[in-house]
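S.K.: Below is structure20.txt; it holds compact mmCIF, C-alpha atoms.
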```
# COMPACT_ATOMS: atom_id res chain seq x y z
CA MET S 29 9.42 5.06 8.37
CA ASN S 30 11.20 6.80 5.51
CA LYS S 31 14.84 5.71 5.63
CA ILE S 32 17.39 5.01 2.90
CA LEU S 33 20.61 2.99 2.88
CA PHE S 34 23.50 3.99 0.58
CA PHE S 35 26.10 1.34 -0.19
CA ASP S 36 29.51 1.73 -1.75
CA VAL S 37 30.34 -1.10 -4.16
CA ASP S 38 34.01 -2.13 -4.12
CA GLY S 39 35.06 -3.34 -0.70
CA THR S 40 31.59 -2.82 0.75
CA LEU S 41 29.04 -4.73 -1.31
CA TYR S 42 31.67 -6.51 -3.38
CA ASN S 43 34.20 -8.67 -1.54
CA SER S 44 37.86 -9.18 -2.39
CA GLU S 45 36.86 -11.29 -5.39
CA LYS S 46 34.59 -8.52 -6.72
CA LYS S 47 31.52 -10.62 -5.91
CA LEU S 48 28.40 -9.88 -3.87
CA PRO S 49 28.37 -12.28 -0.89
CA ALA S 50 25.13 -14.21 -0.45
CA SER S 51 24.87 -12.90 3.12
CA ALA S 52 25.03 -9.29 1.88
CA LYS S 53 22.35 -9.86 -0.74
CA GLU S 54 20.06 -11.50 1.80
CA ALA S 55 20.62 -8.62 4.24
CA LEU S 56 19.77 -5.97 1.65
CA LEU S 57 16.61 -7.72 0.58
CA ALA S 58 15.60 -8.14 4.23
CA ALA S 59 16.18 -4.43 4.80
CA ARG S 60 13.88 -3.62 1.90
CA ARG S 61 11.19 -5.87 3.37
CA ASN S 62 11.60 -3.90 6.60
CA GLY S 63 10.78 -0.67 4.80
CA TYR S 64 14.21 0.71 3.92
CA GLU S 65 14.98 2.07 0.48
CA LEU S 66 18.20 0.79 -1.09
CA ALA S 67 20.65 2.88 -3.10
CA ILE S 68 24.19 2.66 -4.45
CA ALA S 69 26.88 5.32 -3.92
CA THR S 70 30.00 4.51 -5.94
CA GLY S 71 32.91 5.95 -7.84
CA ARG S 72 32.04 3.56 -10.65
CA ALA S 73 30.14 4.50 -13.78
CA PRO S 74 26.49 3.47 -14.26
CA PHE S 75 27.42 0.91 -16.93
CA MET S 76 29.81 -0.74 -14.47
CA ILE S 77 27.06 -1.58 -11.98
CA GLU S 78 24.24 -2.65 -14.30
CA SER S 79 24.34 -6.30 -13.23
CA LEU S 80 24.38 -5.33 -9.55
CA LEU S 81 21.44 -2.94 -9.96
CA GLU S 82 19.51 -5.66 -11.77
CA GLU S 83 20.33 -8.35 -9.20
CA LEU S 84 19.22 -6.16 -6.29
CA GLU S 85 16.41 -4.39 -8.20
CA ILE S 86 17.84 -0.98 -7.31
CA ASP S 87 16.92 2.07 -9.40
CA THR S 88 18.45 4.84 -7.24
CA TYR S 89 22.18 5.42 -7.46
CA VAL S 90 24.92 7.98 -7.01
CA THR S 91 27.74 7.24 -9.47
CA PHE S 92 31.04 8.88 -10.43
CA ASN S 93 31.41 9.98 -6.81
CA GLY S 94 28.35 12.22 -7.04
CA GLN S 95 28.63 13.43 -10.63
CA TYR S 96 25.74 11.37 -12.06
CA VAL S 97 22.72 10.80 -9.83
CA VAL S 98 19.61 8.76 -10.62
CA TYR S 99 16.50 8.57 -8.44
CA LYS S 100 13.99 5.82 -9.25
CA GLY S 101 15.27 5.55 -12.81
CA GLU S 102 15.34 9.31 -13.51
CA VAL S 103 18.56 11.30 -13.91
CA VAL S 104 18.23 14.09 -11.35
CA TYR S 105 21.73 15.58 -11.36
CA THR S 106 24.90 15.60 -13.46
CA ASN S 107 28.18 17.42 -13.04
CA GLY S 108 31.69 17.37 -14.48
CA ILE S 109 34.93 19.24 -14.99
CA GLU S 110 34.81 22.19 -17.40
CA LYS S 111 36.32 21.18 -20.76
CA GLU S 112 38.87 24.00 -20.67
CA GLU S 113 40.13 22.96 -17.24
CA LEU S 114 40.21 19.32 -18.27
CA ALA S 115 42.22 20.18 -21.39
CA LYS S 116 44.91 21.81 -19.21
CA ILE S 117 45.12 18.76 -16.92
CA ILE S 118 45.34 16.40 -19.90
CA ALA S 119 48.12 18.45 -21.54
CA PHE S 120 50.03 18.57 -18.25
CA GLY S 121 49.75 14.79 -17.91
CA GLU S 122 50.66 14.10 -21.53
CA ALA S 123 53.96 15.96 -21.09
CA ARG S 124 54.73 13.64 -18.17
CA ASN S 125 53.52 10.42 -19.87
CA GLU S 126 50.60 10.28 -17.44
CA PRO S 127 47.44 9.40 -19.39
CA VAL S 128 43.73 9.77 -18.69
CA VAL S 129 40.59 7.70 -19.16
CA PHE S 130 37.25 9.39 -19.83
CA LEU S 131 33.94 7.98 -18.62
CA ASP S 132 30.34 8.79 -19.38
CA ASP S 133 27.26 6.82 -18.40
CA LYS S 134 27.76 4.24 -21.16
CA ARG S 135 31.51 3.73 -21.82
CA MET S 136 35.13 4.45 -20.94
CA ILE S 137 37.70 5.80 -23.40
CA ALA S 138 41.49 5.99 -22.99
CA SER S 139 43.72 8.82 -24.20
CA ILE S 140 46.60 6.50 -25.17
CA LYS S 141 47.04 2.77 -25.72
CA ASP S 142 48.94 0.11 -23.82
CA HIS S 143 49.89 2.10 -20.73
CA HIS S 144 50.81 -0.13 -17.78
CA MET S 145 49.24 2.15 -15.14
CA VAL S 146 45.89 2.13 -16.96
CA ALA S 147 45.99 -1.63 -17.45
CA GLU S 148 46.84 -2.43 -13.82
CA SER S 149 44.31 0.00 -12.36
CA LEU S 150 41.38 -1.13 -14.50
CA ASP S 151 42.29 -4.77 -13.97
CA THR S 152 41.41 -4.35 -10.30
CA LEU S 153 37.89 -3.46 -11.47
CA LYS S 154 37.88 -6.47 -13.80
CA TYR S 155 37.66 -4.17 -16.82
CA PRO S 156 39.58 -4.53 -20.09
CA TYR S 157 41.70 -1.78 -21.62
CA PRO S 158 39.38 0.87 -23.11
CA ALA S 159 39.00 1.98 -26.71
CA LEU S 160 41.06 5.02 -27.75
CA ASP S 161 40.03 8.60 -28.46
CA SER S 162 42.20 11.35 -26.98
CA SER S 163 39.64 14.05 -27.83
CA TYR S 164 36.55 12.17 -26.61
CA TYR S 165 35.87 14.76 -23.90
CA MET S 166 35.53 17.53 -26.48
CA GLN S 167 32.55 15.96 -28.28
CA ASN S 168 30.86 14.17 -25.38
CA ASN S 169 29.57 14.81 -21.86
CA VAL S 170 32.23 13.30 -19.62
CA TYR S 171 31.15 12.82 -16.01
CA GLN S 172 34.40 11.35 -14.69
CA THR S 173 38.03 11.46 -15.76
CA LEU S 174 40.74 9.26 -14.30
CA ILE S 175 44.33 10.50 -14.22
CA PHE S 176 47.08 7.90 -13.95
CA MET S 177 50.13 8.88 -11.90
CA GLU S 178 52.05 7.68 -8.88
CA GLU S 179 51.18 8.82 -5.37
CA LYS S 180 54.43 10.78 -5.08
CA ASP S 181 53.27 13.05 -7.92
CA GLU S 182 49.76 13.70 -6.60
CA SER S 183 50.73 16.81 -4.66
CA LEU S 184 52.14 18.35 -7.85
CA TYR S 185 48.76 17.98 -9.54
CA CYS S 186 46.94 19.36 -6.50
CA GLU S 187 49.17 22.43 -6.46
CA THR S 188 48.98 22.98 -10.21
CA PHE S 189 45.21 22.54 -10.45
CA PRO S 190 43.65 23.91 -7.24
CA ASN S 191 40.17 24.18 -8.82
CA VAL S 192 39.63 20.41 -8.86
CA GLN S 193 40.02 17.47 -6.47
CA PHE S 194 42.17 14.42 -7.05
CA ILE S 195 40.67 11.46 -5.18
CA ARG S 196 42.92 8.40 -5.19
CA TRP S 197 41.41 4.94 -5.57
CA HIS S 198 44.45 2.96 -6.79
CA ARG S 199 48.19 3.33 -6.37
CA TYR S 200 48.32 4.52 -9.98
CA SER S 201 45.01 6.34 -10.40
CA CYS S 202 42.93 9.26 -9.12
CA ASP S 203 39.42 10.41 -9.95
CA ILE S 204 39.31 14.06 -10.97
CA LEU S 205 36.33 15.76 -9.35
CA PRO S 206 35.01 19.32 -9.39
CA LYS S 207 35.58 21.26 -6.18
CA GLY S 208 32.73 20.34 -3.86
CA GLY S 209 31.95 17.17 -5.78
CA SER S 210 31.46 14.10 -3.60
CA LYS S 211 29.17 11.17 -2.90
CA ALA S 212 27.70 13.30 -0.10
CA ALA S 213 26.67 15.99 -2.58
CA GLY S 214 25.05 13.36 -4.78
CA ILE S 215 23.23 11.82 -1.83
CA GLU S 216 21.76 15.21 -0.98
CA LYS S 217 20.19 15.35 -4.46
CA VAL S 218 18.43 12.04 -3.78
CA LEU S 219 17.24 13.12 -0.34
CA GLU S 220 15.83 16.34 -1.78
CA ARG S 221 13.65 14.24 -4.08
CA MET S 222 12.57 12.04 -1.18
CA GLY S 223 11.81 14.99 1.08
CA ILE S 224 13.94 13.63 3.94
CA THR S 225 17.07 14.82 5.72
CA LEU S 226 20.61 13.48 6.00
CA GLN S 227 19.71 12.25 9.49
CA ASP S 228 17.36 9.72 7.85
CA ALA S 229 20.15 8.26 5.68
CA PHE S 230 22.61 5.47 6.37
CA ALA S 231 25.87 5.05 4.44
CA PHE S 232 28.28 2.12 4.23
CA GLY S 233 31.77 2.45 2.75
CA ASP S 234 35.45 1.61 2.95
CA GLY S 235 37.45 3.98 0.72
CA ILE S 236 38.80 7.52 0.83
CA ASN S 237 36.04 8.64 -1.55
CA ASP S 238 33.48 7.56 1.09
CA ILE S 239 34.68 9.94 3.81
CA GLU S 240 32.37 12.85 2.94
CA MET S 241 29.23 10.74 2.80
CA LEU S 242 30.06 8.96 6.05
CA GLN S 243 30.51 12.33 7.73
CA ALA S 244 27.27 13.69 6.27
CA VAL S 245 24.66 11.04 7.03
CA GLY S 246 22.86 10.28 10.26
CA THR S 247 24.33 6.79 10.60
CA SER S 248 27.62 5.76 9.00
CA VAL S 249 29.45 2.45 8.80
CA ALA S 250 33.05 1.77 7.77
CA MET S 251 33.93 -1.75 6.71
CA GLY S 252 36.62 -3.57 8.67
CA ASN S 253 38.71 -3.74 5.51
CA GLY S 254 38.41 0.03 5.08
CA HIS S 255 41.10 2.68 5.11
CA GLU S 256 42.04 3.92 8.59
CA ARG S 257 40.96 7.47 7.69
CA VAL S 258 37.53 6.09 6.81
CA LYS S 259 37.18 4.20 10.06
CA ALA S 260 38.12 7.35 11.96
CA VAL S 261 35.04 9.26 10.75
CA ALA S 262 32.41 6.47 10.89
CA HIS S 263 29.90 5.97 13.68
CA HIS S 264 30.27 2.18 13.45
CA ILE S 265 32.91 -0.24 12.17
CA ALA S 266 31.83 -3.52 10.62
CA ASP S 267 33.80 -6.73 10.23
CA HIS S 268 35.74 -7.36 7.01
CA VAL S 269 33.64 -7.58 3.85
CA ASP S 270 34.96 -11.12 3.30
CA GLU S 271 33.68 -12.16 6.74
CA ASP S 272 30.00 -11.24 6.21
CA GLY S 273 30.72 -7.84 7.73
CA LEU S 274 27.84 -6.09 6.00
CA ALA S 275 25.15 -8.52 7.12
CA LYS S 276 26.49 -8.62 10.68
CA ILE S 277 26.50 -4.84 11.12
CA MET S 278 23.02 -4.51 9.62
CA ARG S 279 21.76 -6.94 12.26
CA LYS S 280 23.63 -5.07 14.99
CA LEU S 281 22.01 -1.79 13.89
CA ALA S 282 18.58 -3.52 13.89
CA ILE S 283 18.09 -2.76 10.19
CA ILE S 284 17.29 -6.45 9.76
```
Before anything else, please render the file you have as structure tokens.

M.R.:
Amino acid sequence: MNKILFFDVDGTLYNSEKKLPASAKEALLAARRNGYELAIATGRAPFMIESLLEELEIDTYVTFNGQYVVYKGEVVYTNGIEKEELAKIIAFGEARNEPVVFLDDKRMIASIKDHHMVAESLDTLKYPYPALDSSYYMQNNVYQTLIFMEEKDESLYCETFPNVQFIRWHRYSCDILPKGGSKAAGIEKVLERMGITLQDAFAFGDGINDIEMLQAVGTSVAMGNGHERVKAVAHHIADHVDEDGLAKIMRKLAII
């Protein structure tokens, strides 16, 4: 058997308290004993999941929604928005008092200080307000940029910048992705290295940024706490993450 399981983090592995339930950890370790490879597929940055990777002894991960991919400890793919395009988006946002946060594999940097949308959004990830450097993207490889604006203004950004995607993860924040960028695209880079097909992959998720990967893999699971659009595309729907949903569905699918 050569199968791999890809897990989203927030709302899938992590419960409402941003903790890994004991039942989920036990299920993942049991799956590994049964011959499955384990991998993470998240919108988070690599530095945001270090403790989780260490706890589960995972060295394959798709981060930044497919923009930074590591297979068995080796970086196999990176992607990002062109600096010129990013500069236009940043200037557009600045004129509207809508800031950005830059992320690379090691840190996050904010364009302005003390903005309530940045603070509230990052607080849901249990992360403090970042250091400041509005030109960070010019001197560094940025793999993910977050734009902070209300949902009512998202369509304006989409119309103004049709060459990128705005993927919402918080009422005040969207990830900015290159066209075609997704967790699914990142997963394909891993599978190429493994020499297996999408039919041999399982994916578990709950958020809008999980839709592409759930549509792409051979077996997909939406968590019971997931967005309705996510549940609509999944092959299976688990119970809520807070109710041992991950472990239960892995038993139901005979993974463990």

S.K.: Nearest to Thr225 of chain S: which of S:Ile137, S:Val245, S:Leu57, S:Met278 is it, counting all atoms listed in the file?

M.R.: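 Ranked by minimum distance to Thr225 of chain S, first place goes to S:Val245.
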
S.K.: Take atom CA of Asp133 of chain S and atom CA of Val249 of chain S and report the distance between them in Å, one decimal.

M.R.: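 Result for atom CA of Asp133 of chain S versus atom CA of Val249 of chain S: 27.6 Å, one decimal.
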
S.K.: Counting all atoms listed in the file, figure out which residue out of S:Ser51, S:Asn253, S:Thr188, S:Gln193 gets nearest to Leu174 of chain S.

M.R.: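 Checking each of S:Ser51, S:Asn253, S:Thr188, S:Gln193 against Leu174 of chain S, counting all atoms listed in the file, the winner is S:Gln193.
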
S.K.: With a distance cut-off of 8 Å and all atoms listed in the file, select the neighbouring residues of Arg196 of chain S, excluding the residue or stretch itself and same-chain residues fewer than 5 positions from it, and output the selection as JSON, numbers by chain.

M.R.: {"S": [201, 202, 203, 236, 237]}

S.K.: With all atoms listed in the file as the basis for distance, which of S:Cys186, S:Leu281, S:Ile239, S:Ile204 is at the shortest distance from Ala266 of chain S?

M.R.: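 Ranked by minimum distance to Ala266 of chain S, first place goes to S:Leu281.
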
S.K.: Between S:Tyr64, S:Asp161, S:Phe34, S:Glu179, which has the minimum distance to Ala282 of chain S (counting only C-alpha atoms)?

M.R.: S:Tyr64

S.K.: Kindly compute an axis-aligned box around the listed atoms of segment 218-228 of chain S, allowing 8 Å on each side, and express its centre and edge lengths in Å to one decimal as JSON.

M.R.:
```
{"center_x": 16.2, "center_y": 13.0, "center_z": 2.7, "size_x": 24.8, "size_y": 22.6, "size_z": 29.6}
```

S.K.: My list of candidates is S:Val269, S:Pro206, S:Lys134, S:Arg279. Which is closest to Pro49 of chain S when distances are computed with all atoms listed in the file?

M.R.: S:Val269

S.K.: Which residue out of S:Ile283, S:Ala250, S:Met222, S:Met76 has the minimum interatomic distance to Leu153 of chain S when only C-alpha atoms are used?

M.R.: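 Under the stated criterion, the closest residue is S:Met76.
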
S.K.: What separation in Å, quoted to one decimal, exists between atom CA of Glu126 of chain S and atom CA of Ala147 of chain S?

M.R.: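 For atom CA of Glu126 of chain S relative to atom CA of Ala147 of chain S, the distance reads 12.8 Å.
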
S.K.: Mind listing whatever residues come within 10 Å of the point (31.5, 0.1, 9.4)? Use only C-alpha atoms, file coordinates, and give them as an MDAnalysis selection string.

M.R.: chainID S and resid 40 231:234 242 247:254 258:259 261:269 273:274 277:278

S.K.: When you draw a straight line from atom CA of Leu226 of chain S to atom CA of Lys207 of chain S, how long is it in Å?

M.R.: 20.8 Å

S.K.: Give me the residues within 9 Å of Asp270 of chain S as a PyMOL selection string, counting only C-alpha atoms and dropping any in the same chain fewer than 6 places off.

M.R.: chain S and resi 39+42-45+49+253

S.K.: Because some atoms of segment 94-118 of chain S are absent here, can you restore N, CA, C and O atoms and send them as a tab-separated table (two decimals), keeping the file's coordinate frame?

M.R.:
```tsv
chain	number	residue	atom	x	y	z
S	94	GLY	N	29.30	11.11	-7.18
S	94	GLY	CA	28.35	12.22	-7.04
S	94	GLY	C	28.11	13.01	-8.30
S	94	GLY	O	27.29	13.94	-8.29
S	95	GLN	N	28.75	12.63	-9.41
S	95	GLN	CA	28.63	13.43	-10.63
S	95	GLN	C	27.46	13.01	-11.52
S	95	GLN	O	27.11	13.72	-12.48
S	96	TYR	N	26.86	11.86	-11.25
S	96	TYR	CA	25.74	11.37	-12.06
S	96	TYR	C	24.78	10.64	-11.12
S	96	TYR	O	25.08	9.57	-10.61
S	97	VAL	N	23.64	11.28	-10.87
S	97	VAL	CA	22.72	10.80	-9.83
S	97	VAL	C	21.37	10.44	-10.45
S	97	VAL	O	20.78	11.24	-11.19
S	98	VAL	N	20.89	9.26	-10.11
S	98	VAL	CA	19.61	8.76	-10.62
S	98	VAL	C	18.72	8.41	-9.44
S	98	VAL	O	19.15	7.72	-8.51
S	99	TYR	N	17.48	8.90	-9.47
S	99	TYR	CA	16.50	8.57	-8.44
S	99	TYR	C	15.31	7.88	-9.09
S	99	TYR	O	14.65	8.45	-9.95
S	100	LYS	N	15.09	6.63	-8.71
S	100	LYS	CA	13.99	5.82	-9.25
S	100	LYS	C	13.97	5.85	-10.80
S	100	LYS	O	12.94	6.07	-11.43
S	101	GLY	N	15.16	5.66	-11.37
S	101	GLY	CA	15.27	5.55	-12.81
S	101	GLY	C	15.39	6.86	-13.56
S	101	GLY	O	15.62	6.87	-14.77
S	102	GLU	N	15.28	8.00	-12.86
S	102	GLU	CA	15.34	9.31	-13.51
S	102	GLU	C	16.65	10.02	-13.15
S	102	GLU	O	17.02	10.11	-11.98
S	103	VAL	N	17.35	10.52	-14.17
S	103	VAL	CA	18.56	11.30	-13.91
S	103	VAL	C	18.16	12.63	-13.29
S	103	VAL	O	17.45	13.42	-13.90
S	104	VAL	N	18.63	12.88	-12.07
S	104	VAL	CA	18.23	14.09	-11.35
S	104	VAL	C	19.37	15.09	-11.20
S	104	VAL	O	19.14	16.24	-10.82
S	105	TYR	N	20.60	14.67	-11.51
S	105	TYR	CA	21.73	15.58	-11.36
S	105	TYR	C	22.93	15.05	-12.12
S	105	TYR	O	23.22	13.85	-12.09
S	106	THR	N	23.61	15.94	-12.85
S	106	THR	CA	24.90	15.60	-13.46
S	106	THR	C	25.86	16.76	-13.24
S	106	THR	O	25.47	17.91	-13.08
S	107	ASN	N	27.14	16.43	-13.25
S	107	ASN	CA	28.18	17.42	-13.04
S	107	ASN	C	29.45	16.92	-13.71
S	107	ASN	O	29.55	15.75	-14.09
S	108	GLY	N	30.42	17.78	-13.88
S	108	GLY	CA	31.69	17.37	-14.48
S	108	GLY	C	32.66	18.53	-14.51
S	108	GLY	O	32.32	19.67	-14.21
S	109	ILE	N	33.89	18.22	-14.88
S	109	ILE	CA	34.93	19.24	-14.99
S	109	ILE	C	34.71	20.05	-16.27
S	109	ILE	O	34.38	19.49	-17.31
S	110	GLU	N	34.89	21.35	-16.20
S	110	GLU	CA	34.81	22.19	-17.40
S	110	GLU	C	35.84	21.71	-18.43
S	110	GLU	O	36.97	21.37	-18.07
S	111	LYS	N	35.44	21.70	-19.71
S	111	LYS	CA	36.32	21.18	-20.76
S	111	LYS	C	37.65	21.92	-20.82
S	111	LYS	O	38.70	21.31	-21.06
S	112	GLU	N	37.63	23.22	-20.60
S	112	GLU	CA	38.87	24.00	-20.67
S	112	GLU	C	39.83	23.59	-19.56
S	112	GLU	O	41.04	23.45	-19.77
S	113	GLU	N	39.30	23.39	-18.37
S	113	GLU	CA	40.13	22.96	-17.24
S	113	GLU	C	40.67	21.56	-17.49
S	113	GLU	O	41.84	21.26	-17.23
S	114	LEU	N	39.81	20.69	-18.00
S	114	LEU	CA	40.21	19.32	-18.27
S	114	LEU	C	41.31	19.28	-19.32
S	114	LEU	O	42.27	18.50	-19.21
S	115	ALA	N	41.21	20.13	-20.34
S	115	ALA	CA	42.22	20.18	-21.39
S	115	ALA	C	43.60	20.53	-20.80
S	115	ALA	O	44.62	19.96	-21.22
S	116	LYS	N	43.64	21.43	-19.84
S	116	LYS	CA	44.91	21.81	-19.21
S	116	LYS	C	45.51	20.64	-18.42
S	116	LYS	O	46.72	20.40	-18.46
S	117	ILE	N	44.65	19.91	-17.70
S	117	ILE	CA	45.12	18.76	-16.92
S	117	ILE	C	45.66	17.68	-17.85
S	117	ILE	O	46.71	17.08	-17.60
S	118	ILE	N	44.93	17.43	-18.94
S	118	ILE	CA	45.34	16.40	-19.90
S	118	ILE	C	46.69	16.76	-20.52
S	118	ILE	O	47.58	15.90	-20.63
```
